[in-house]
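What follows is one structure encoded as structure tokens, with my remarks underneath.
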Amino acid sequence: MPNAERPGPPQEARQVDIAHVYDRLADRGLQYGPAFRGLRSVWSHGEEVYAEAVLEAGTLDNAGGYLLHPALFDAAFQTALVPGLDEEGKTFLPFALRGVRVYKAGAGAVHVHTAPGDNGSITLSLTDADGQQVATVESLVRRPVTADQLEAATQRTYLLRLAWKALPQSAAASERQRWAFLGTDHLGLTGALKSLRPSFEVHPSLHALDDALCAGAPVPEVVVVSCTDDSSSVYSAAQRALMLVQEWLADARLADSRLVLVCRGAAATGPHEDQPDMSGAAVWGLLRSAQSEHPGRFTLVDIDDPAESAHGLVAAVDSGEPQLAVRQDALFRPRLVRAPTPARSTTLTGTVVLTGGTGALARAVARHLVTRHEVRHLVLLSRRGPKAVGADELTAELTEHGARVDVVACDTADRDALEAALGRFPAPSAVFHTAGVMADVAVDTLTPHGLDRVLRPKADTALHLHSLIQDPECAFVMFSSVAGLTGNPGQANYAAANVVLDALAHHRRALGLRGLSLAWGLWESDGGMGSELSATELSRIKRSGLSPLTQEQGLHLLDAALASDEAVLSPIRLSEAGLTGDMPPILAELAPARSDRHDPADSLVGLLAELPESERSAAAVDFVRAAAAAVLGFDGPDDVDADREFSAVGLDSIGNLELSRSLAKSTGLQLPVTLTFDHPTPVDLAAHLRRLLQENES
Amino acid sequence: MSQLLDDVEQRSFPTDEELLHRVLTPYRAKRCEYLTSATVTAQGDPREGGRLAATCTFEIPESCYIDDTGHFNSVEFNICFNQMAYYLMAKSVKEGLADPFSRWTLDQFWTRQLADVFITDFKSSFRRAMRGPSFTGEMRIVDIAEWGASDLREALVMLRTTCHYADEYGAESHGEVTAAITNPPEN
């Protein structure tokens, strides 16, 4: 046991106000609860800190069960955070510990002394009131975190984007499986399918199928139908699909028959792919909900070239996956992945139009645009216009902030009315389409009117705005919902409407216009759409892995999304329990333990050995980017900029550990846990790894 | 929804004798014109929780298909429902009370009354048998689903309804009936 150290600071030490310490830490996002506010007095002496820390009475009762109670140990770490507390912009957190020794168990109060150690580390000494050593820490490494990182880590808010992941094709199912095609084949699929499926019937209508079954024909195990009647409107296509779903669910003879709805251009599997089929997109949304309500009954497939897609279509059905895209005969399934945080920010100015302009969501956005952006003219369109509850107060508030506000009564789903309303004002620099209504009902009782009621304000308005706003500079932001991607049960109409918005964002970008659809998770709001949800519905949403966003979180994500270059982003907050419940498959990539996700099959050594020297540097950088992307839950290396710091793209301390471990495994090197702090960008880290590998070799 | 309806005007239409006569024409030869009066009330859109209903009186002097059973049976329940439903639809067409009927003409309705209106689901329950020849009935259209035509199926209108019968002696029966109208006019 080391010699007893006399507790207490030297006389010339400066006392630091405890309240100030916890206030400063709270300012930076570190909120300590009562049990963890153990510091009683702190003295600063140059780079050394002296402190007295105790366990709260309630916590003290349990202290005997620990060698050193975590709350008391944490108080000692807090002491180490005191130097630099008053410096702007930086918060340090304990990152790595080395040489921890406990000499005396069950302490309830300690004197702490921290002093600078080697290489920027800190040593800690904990003694009791008699000067007897309680514990020592040979080296504590601190690392800076930003407020944004802390926010992301504690709030679990993310921008997600849809990535289409290749699916290996499995062995084909029995050719004896009976297939049928139902309805008009305007995509031209039947010819090729007939040649692949020996048992293949064509039924031009439901009536014809019914006739065949009544005449004793065997029930087909797979029935393929085109998503849309040729050139049908969004509403007609969605209604046709709804009718088909209801017929399928109501007819007991079809209980073991899988209905496969095939579209072309209703899904965009990459950023440069167009998604022109708005009607097919509505069908995708509607069917996603139907799939959630009735798993295993329906399959959605989007194809590229009908003449070349028959093999892919058969493989898609054989795979058992509920939603697939076939591209050049290969299969891809949709998965939400984390999108990188944009490096830049965007400030909106000029005239901005908001639909649903007096709703709870639009009010929050309007305030944000005036107070945080530089928007000086808002046009708020809503059905009731100035007569909407709270419209006057909102106008007064925004005007006080220096903005001109025009609240206009307009049924935005009426194209002529919308055109007339827009014509009264200067061309907008941005439009935010936030209008929407919900009318939840199970898909088997949803009526055409229930569908139209929800499609009209959301999808019709979006399509009218698209036709009226063709200025390539005008930001075109649509508030969609993650319900369209996850296919929330009971929301087939809402999902249909939202996927139209997502498709429109892709389509506009393909046309050279701006388009962003934000598939929001639920917002906590008063009077907004989320407020209509019952406790049961909220609980169901939480079980699916999502939690409501606070207004502040939502607006923070909005700014991040505005600065991005994506067509569709899903700003969401994951529930505290995480993705462990009844999770839709589209969220599956976010769920698994992150350490399981990246297990590089290739070693970096092997990879570099196969390349000429001139290509090794870039290959090493790509290798690091891929490893980081896997840890972050990103789709691939392209989402990790080579020159951006890992911390800026969202790698937290656990992520750093995982990346270090992953790279250690793939290089065979012993790598410290501080690896990404010492080499903060992929370029730095790749260069460092190459140096280490070369040293190893020599 | 009822709160919203408070602001919507309720319209009431007493028995339209001429219309009733026309509605019951197919029953005349079979001597089973049971419906004697019908007051129609309309408030809002049934698709949005609004009310479209007929409050009726009936008289069954003798059964049209069986010797006297001594009580109101399920066949008579069904015939009375049909007569209420035909009248309520016809009145909705004539007065333009709800879509899609407001877009139809009466001639279009008469040509479809028998051939194109089908009961697809029928539930009736009898709590206490009605024994007298006179009683009251009420029918309400709970929802209207107007399905457009596509390659897969012809256009179709589905009506979800409830009905209720009672007499002055406390007897009661009620039901839930879904009806389909095929070949609806395209206007």
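Chain labels run A, B, ... following the order of the structure tokens; each chain numbers its residues from 1, and ligands are numbered from 1 in the order shown.
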
Can you pull out the residues contacting Thr39 (chain B)? Cut-off 8 Å, using only C-alpha atoms, and skip same-chain residues under 6 positions away; I want them as a PDB file with all heavy atoms, in the first residue's frame.
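Just written: result19.pdb:
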ATOM      1  N   SER B  12     -85.352  17.004 -42.981  1.00  0.00           N
ATOM      2  CA  SER B  12     -86.307  15.933 -42.760  1.00  0.00           C
ATOM      3  C   SER B  12     -87.347  15.941 -43.881  1.00  0.00           C
ATOM      4  O   SER B  12     -87.842  17.008 -44.262  1.00  0.00           O
ATOM      5  CB  SER B  12     -86.975  16.133 -41.390  1.00  0.00           C
ATOM      6  OG  SER B  12     -87.806  15.029 -41.122  1.00  0.00           O
ATOM      7  N   PHE B  13     -87.664  14.772 -44.405  1.00  0.00           N
ATOM      8  CA  PHE B  13     -88.596  14.677 -45.531  1.00  0.00           C
ATOM      9  C   PHE B  13     -89.718  13.704 -45.164  1.00  0.00           C
ATOM     10  O   PHE B  13     -89.460  12.513 -44.979  1.00  0.00           O
ATOM     11  CB  PHE B  13     -87.861  14.169 -46.784  1.00  0.00           C
ATOM     12  CG  PHE B  13     -86.715  15.045 -47.182  1.00  0.00           C
ATOM     13  CD1 PHE B  13     -85.447  14.850 -46.637  1.00  0.00           C
ATOM     14  CD2 PHE B  13     -86.896  16.078 -48.090  1.00  0.00           C
ATOM     15  CE1 PHE B  13     -84.383  15.660 -46.997  1.00  0.00           C
ATOM     16  CE2 PHE B  13     -85.834  16.886 -48.461  1.00  0.00           C
ATOM     17  CZ  PHE B  13     -84.569  16.683 -47.905  1.00  0.00           C
ATOM     18  N   PRO B  14     -90.968  14.244 -45.054  1.00  0.00           N
ATOM     19  CA  PRO B  14     -92.082  13.346 -44.742  1.00  0.00           C
ATOM     20  C   PRO B  14     -92.343  12.385 -45.900  1.00  0.00           C
ATOM     21  O   PRO B  14     -91.794  12.558 -46.991  1.00  0.00           O
ATOM     22  CB  PRO B  14     -93.262  14.314 -44.539  1.00  0.00           C
ATOM     23  CG  PRO B  14     -92.873  15.540 -45.297  1.00  0.00           C
ATOM     24  CD  PRO B  14     -91.384  15.623 -45.269  1.00  0.00           C
ATOM     25  N   THR B  15     -93.238  11.442 -45.664  1.00  0.00           N
ATOM     26  CA  THR B  15     -93.500  10.411 -46.679  1.00  0.00           C
ATOM     27  C   THR B  15     -93.858  11.028 -48.026  1.00  0.00           C
ATOM     28  O   THR B  15     -94.731  11.898 -48.119  1.00  0.00           O
ATOM     29  CB  THR B  15     -94.658   9.506 -46.223  1.00  0.00           C
ATOM     30  OG1 THR B  15     -94.357   9.036 -44.914  1.00  0.00           O
ATOM     31  CG2 THR B  15     -94.834   8.327 -47.169  1.00  0.00           C
ATOM     32  N   ALA B  54     -84.110   6.415 -42.543  1.00  0.00           N
ATOM     33  CA  ALA B  54     -85.548   6.406 -42.814  1.00  0.00           C
ATOM     34  C   ALA B  54     -86.258   5.824 -41.598  1.00  0.00           C
ATOM     35  O   ALA B  54     -85.882   4.754 -41.122  1.00  0.00           O
ATOM     36  CB  ALA B  54     -85.849   5.567 -44.057  1.00  0.00           C
ATOM     37  N   THR B  55     -87.240   6.579 -41.107  1.00  0.00           N
ATOM     38  CA  THR B  55     -88.052   6.085 -39.991  1.00  0.00           C
ATOM     39  C   THR B  55     -89.404   5.712 -40.572  1.00  0.00           C
ATOM     40  O   THR B  55     -90.078   6.558 -41.182  1.00  0.00           O
ATOM     41  CB  THR B  55     -88.210   7.190 -38.930  1.00  0.00           C
ATOM     42  OG1 THR B  55     -86.908   7.650 -38.580  1.00  0.00           O
ATOM     43  CG2 THR B  55     -88.902   6.648 -37.679  1.00  0.00           C
ATOM     44  N   CYS B  56     -89.799   4.466 -40.386  1.00  0.00           N
ATOM     45  CA  CYS B  56     -90.907   3.937 -41.195  1.00  0.00           C
ATOM     46  C   CYS B  56     -91.978   3.270 -40.332  1.00  0.00           C
ATOM     47  O   CYS B  56     -91.742   2.899 -39.180  1.00  0.00           O
ATOM     48  CB  CYS B  56     -90.365   2.880 -42.171  1.00  0.00           C
ATOM     49  SG  CYS B  56     -88.983   3.477 -43.152  1.00  0.00           S
TER      50      CYS B  56
END

Fill in: Near-Val23 (chain B) list (12 Å; only C-alpha atoms; drop same-chain fewer than 4 positions) as a ChimeraX atom specification
/B:16-19,27-28,33-38,82-91,106-107,109-114

Worksheet, complete the sentence: From the list B:Leu156, B:Ala166, B:Leu52, B:Ile60, the nearest residue to Gly96 (chain B) using only C-alpha atoms is B:Leu52

Practice prompt. Define the interface residues of chain A facing chain B as those within 8 Å, counting only C-alpha atoms, and report them as number ranges by chain.
Written response: A: 182-184, 204-207, 229, 236, 239-240, 243, 447-449

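Non-sequential neighbours of Met139 (chain B) (distance at most 6 Å, separation of 6 or more positions within a chain, only C-alpha atoms) are Ala53, Ala54, Thr162 and Cys163 of chain B.
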
Selected residues, N, CA and C atoms, written as a PDB file, in the first residue's frame, please.
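That gives us part-v4.pdb:
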ATOM      1  N   ALA B  53     -81.122   8.418 -42.837  1.00  0.00           N
ATOM      2  CA  ALA B  53     -81.948   7.381 -42.231  1.00  0.00           C
ATOM      3  C   ALA B  53     -83.401   7.515 -42.667  1.00  0.00           C
ATOM      4  N   ALA B  54     -84.110   6.415 -42.543  1.00  0.00           N
ATOM      5  CA  ALA B  54     -85.548   6.406 -42.814  1.00  0.00           C
ATOM      6  C   ALA B  54     -86.258   5.824 -41.598  1.00  0.00           C
ATOM      7  N   THR B 162     -77.660  -0.278 -40.925  1.00  0.00           N
ATOM      8  CA  THR B 162     -78.237  -0.934 -39.750  1.00  0.00           C
ATOM      9  C   THR B 162     -79.738  -0.746 -39.814  1.00  0.00           C
ATOM     10  N   CYS B 163     -80.489  -1.667 -39.194  1.00  0.00           N
ATOM     11  CA  CYS B 163     -81.937  -1.491 -39.156  1.00  0.00           C
ATOM     12  C   CYS B 163     -82.484  -2.003 -37.830  1.00  0.00           C
TER      13      CYS B 163
END
